[in-house]
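Participant: Following this line is upload-v2.pdb, made up of PDB, C-alpha atoms:
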ATOM      1  CA  VAL A 166      46.620   8.165  75.538
ATOM      2  CA  PHE A 167      48.315   8.689  72.151
ATOM      3  CA  SER A 168      46.765   5.543  70.734
ATOM      4  CA  GLU A 169      43.335   6.539  72.053
ATOM      5  CA  LEU A 170      43.594   9.966  70.415
ATOM      6  CA  SER A 171      44.797   8.394  67.180
ATOM      7  CA  MET A 172      41.875   5.980  67.194
ATOM      8  CA  VAL A 173      39.405   8.819  67.845
ATOM      9  CA  ASN A 174      41.028  10.877  65.073
ATOM     10  CA  ARG A 175      40.783   7.990  62.608
ATOM     11  CA  ASP A 176      37.118   7.476  63.510
ATOM     12  CA  LEU A 177      36.322  11.175  63.175
ATOM     13  CA  LEU A 178      38.204  11.483  59.886
ATOM     14  CA  SER A 179      36.381   8.431  58.572
ATOM     15  CA  LYS A 180      33.012   9.959  59.493
ATOM     16  CA  LEU A 181      34.037  13.257  57.941
ATOM     17  CA  LYS A 182      35.140  11.586  54.685
ATOM     18  CA  ASP A 183      31.947   9.516  54.534
ATOM     19  CA  SER A 184      29.849  12.597  55.064
ATOM     20  CA  MET A 185      31.760  14.552  52.418
ATOM     21  CA  ALA A 186      31.615  11.615  49.972
ATOM     22  CA  ARG A 187      27.849  11.466  50.292
ATOM     23  CA  GLY A 188      27.748  15.165  49.465
ATOM     24  CA  ILE A 189      24.934  15.800  51.888
ATOM     25  CA  ALA A 190      24.065  19.486  51.727
ATOM     26  CA  SER A 191      21.457  19.810  54.430
ATOM     27  CA  THR A 192      22.100  22.307  57.202
ATOM     28  CA  SER A 193      22.266  19.738  59.992
ATOM     29  CA  ASP A 194      24.810  17.608  58.108
ATOM     30  CA  GLU A 195      26.942  20.668  57.324
ATOM     31  CA  ASN A 196      26.905  21.510  61.007
ATOM     32  CA  GLU A 197      27.877  17.925  61.776
ATOM     33  CA  GLU A 198      30.757  18.103  59.282
ATOM     34  CA  HIS A 199      31.912  21.372  60.800
ATOM     35  CA  MET A 200      31.673  19.844  64.265
ATOM     36  CA  LEU A 201      33.631  16.775  63.139
ATOM     37  CA  GLU A 202      36.333  18.954  61.555
ATOM     38  CA  GLN A 203      36.565  20.952  64.757
ATOM     39  CA  MET A 204      36.795  17.779  66.863
ATOM     40  CA  VAL A 205      39.558  16.419  64.628
ATOM     41  CA  ARG A 206      41.460  19.713  64.974
ATOM     42  CA  GLU A 207      41.000  19.690  68.751
ATOM     43  CA  ASN A 208      42.192  16.087  68.959
ATOM     44  CA  LEU A 209      45.235  16.892  66.834
ATOM     45  CA  ASN A 210      45.956  19.867  69.097
ATOM     46  CA  MET A 211      45.595  17.662  72.181
ATOM     47  CA  LYS A 212      47.926  15.127  70.606
ATOM     48  CA  GLN A 213      50.517  17.862  69.995
ATOM     49  CA  GLU A 214      50.109  19.187  73.539
ATOM     50  CA  LEU A 215      50.571  15.675  74.883
ATOM     51  CA  SER A 216      53.703  15.262  72.794
ATOM     52  CA  ASN A 217      55.023  18.602  74.077
ATOM     53  CA  ALA A 218      54.226  17.601  77.663
ATOM     54  CA  ARG A 219      56.061  14.298  77.244
ATOM     55  CA  GLU A 220      59.092  16.129  75.860
ATOM     56  CA  LYS A 221      59.031  18.546  78.807
ATOM     57  CA  ILE A 222      58.792  15.632  81.260
ATOM     58  CA  LYS A 223      61.790  14.049  79.545
ATOM     59  CA  GLU A 224      63.761  17.294  79.885
ATOM     60  CA  LEU A 225      62.776  17.672  83.541
ATOM     61  CA  SER A 226      63.711  14.057  84.238
ATOM     62  CA  GLN A 227      67.139  14.700  82.715
ATOM     63  CA  CYS A 228      67.506  17.812  84.879
ATOM     64  CA  GLU A 229      66.621  15.736  87.952
ATOM     65  CA  ILE A 230      69.224  13.130  86.989
ATOM     66  CA  ASP A 231      71.802  15.901  86.450
ATOM     67  CA  LYS A 232      70.854  17.398  89.838
ATOM     68  CA  GLN A 233      71.347  14.031  91.536
ATOM     69  CA  VAL A 234      74.772  13.642  89.917
ATOM     70  CA  ILE A 235      75.748  17.173  90.963
ATOM     71  CA  ASP A 236      74.552  16.545  94.538
ATOM     72  CA  LYS A 237      76.569  13.310  94.657
ATOM     73  CA  VAL A 238      79.724  15.064  93.401
ATOM     74  CA  ARG A 239      79.236  17.876  95.932
ATOM     75  CA  GLN A 240      78.927  15.336  98.749
ATOM     76  CA  GLU A 241      82.062  13.538  97.542
ATOM     77  CA  ASN A 242      83.890  16.891  97.478
ATOM     78  CA  LYS A 243      82.762  17.639 101.048
ATOM     79  CA  ASP A 244      83.929  14.197 102.171
ATOM     80  CA  LEU A 245      87.306  14.633 100.462
ATOM     81  CA  THR A 246      87.715  18.126 101.915
ATOM     82  CA  ALA A 247      87.007  16.772 105.400
ATOM     83  CA  ARG A 248      89.589  13.997 104.898
ATOM     84  CA  VAL A 249      92.186  16.499 103.648
ATOM     85  CA  GLU A 250      91.563  18.742 106.667
ATOM     86  CA  LYS A 251      91.869  15.759 109.009
ATOM     87  CA  LEU A 252      95.142  14.670 107.368
ATOM     88  CA  ASP A 253      96.432  18.254 107.515
ATOM     89  CA  LYS A 254      95.714  18.434 111.265
ATOM     90  CA  LEU A 255      97.403  15.069 111.745
ATOM     91  CA  ARG A 256     100.448  16.277 109.765
ATOM     92  CA  LYS A 257     100.682  19.457 111.848
ATOM     93  CA  ALA A 258     100.390  17.482 115.075
ATOM     94  CA  THR A 259     103.075  15.069 113.882
ATOM     95  CA  ASN A 260     105.383  17.981 112.961
ATOM     96  CA  GLN A 261     104.860  19.585 116.388
ATOM     97  CA  ARG A 262     105.742  16.320 118.156
ATOM     98  CA  ALA A 263     108.788  15.879 115.935
ATOM     99  CA  HIS A 264     110.084  19.364 116.824
ATOM    100  CA  ALA A 265     109.303  19.038 120.507
TER     101      ALA A 265
END
Write out the structure in this file as structure tokens.
Facilitator:
Amino acid sequence: VFSELSMVNRDLLSKLKDSMARGIASTSDENEEHMLEQMVRENLNMKQELSNAREKIKELSQCEIDKQVIDKVRQENKDLTARVEKLDKLRKATNQRAHA
């Protein structure tokens, strides 16, 4: 999409420069120049918005990766807690048998 916008921008800028170089002063050509300038501005704005969107996607992807890591660590903590509790019960049972 970036390359397409860049190509369109180059084409529009080329047309705008050609038109300005010819120095055409008729009303229709001035309107065309204005329209071309506006299209170039809109394309540049779209390019910036696309860049911003890509950056946001990158940030969100990183957040998703961080979330996955956090979820994995939480699961490991739950598993370790369960093992500790199981070993604690086993220790208590062993102590009770030893004192019986």
Participant: Assuming 5 Å of padding per side, give the centre and edge lengths of the axis-aligned box around every listed atom of range 203-213 of chain A, in Å to one decimal and as lines of an AutoDock Vina configuration file.
Facilitator:
center_x = 43.5
center_y = 18.0
center_z = 68.4
size_x = 24.0
size_y = 15.8
size_z = 17.6
Participant: One decimal, in Å: what's the spacing between CA of Asn196 in chain A and CA of Leu181 in chain A?
Facilitator: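 Straight-line distance from CA of Asn196 in chain A to CA of Leu181 in chain A works out to 11.3 Å.
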Participant: Kindly give the distance, in Å, that separates CA of Arg175 in chain A and CA of Ser216 in chain A, rounded to a single decimal.
Facilitator: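 Rounded to one decimal, the two atoms are 18.0 Å apart.
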Participant: How many Å lie between CA of Gln213 in chain A and CA of Lys180 in chain A, rounded to one decimal?
Facilitator: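 Here the two named atoms are 21.9 Å from each other.
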Participant: Set the distance at 10 Å and use all atoms listed in the file: which residues neighbour Leu201 in chain A once local chain neighbours fewer than 5 positions away are removed? I'd like the list as a list in words.
Facilitator: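 Contacts, with the query itself left out: Asn174, Asp176, Leu177, Leu178, Ser179, Lys180, Leu181, Ser184, Glu195, Asn196, Arg206 and Glu207 of chain A.
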Participant: Point out the residue among A:Val173, A:Ala263, A:Val249, A:Ala258 with the least atom-to-atom distance to Leu209 in chain A, counting all atoms listed in the file.
Facilitator: A:Val173
Participant: Would you mind telling me which residue in A:Lys182, A:Asp231, A:Ser171, A:Lys237 lies nearest to His199 in chain A when using only C-alpha atoms?
Facilitator: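 Smallest separation from His199 in chain A among the options: A:Lys182.
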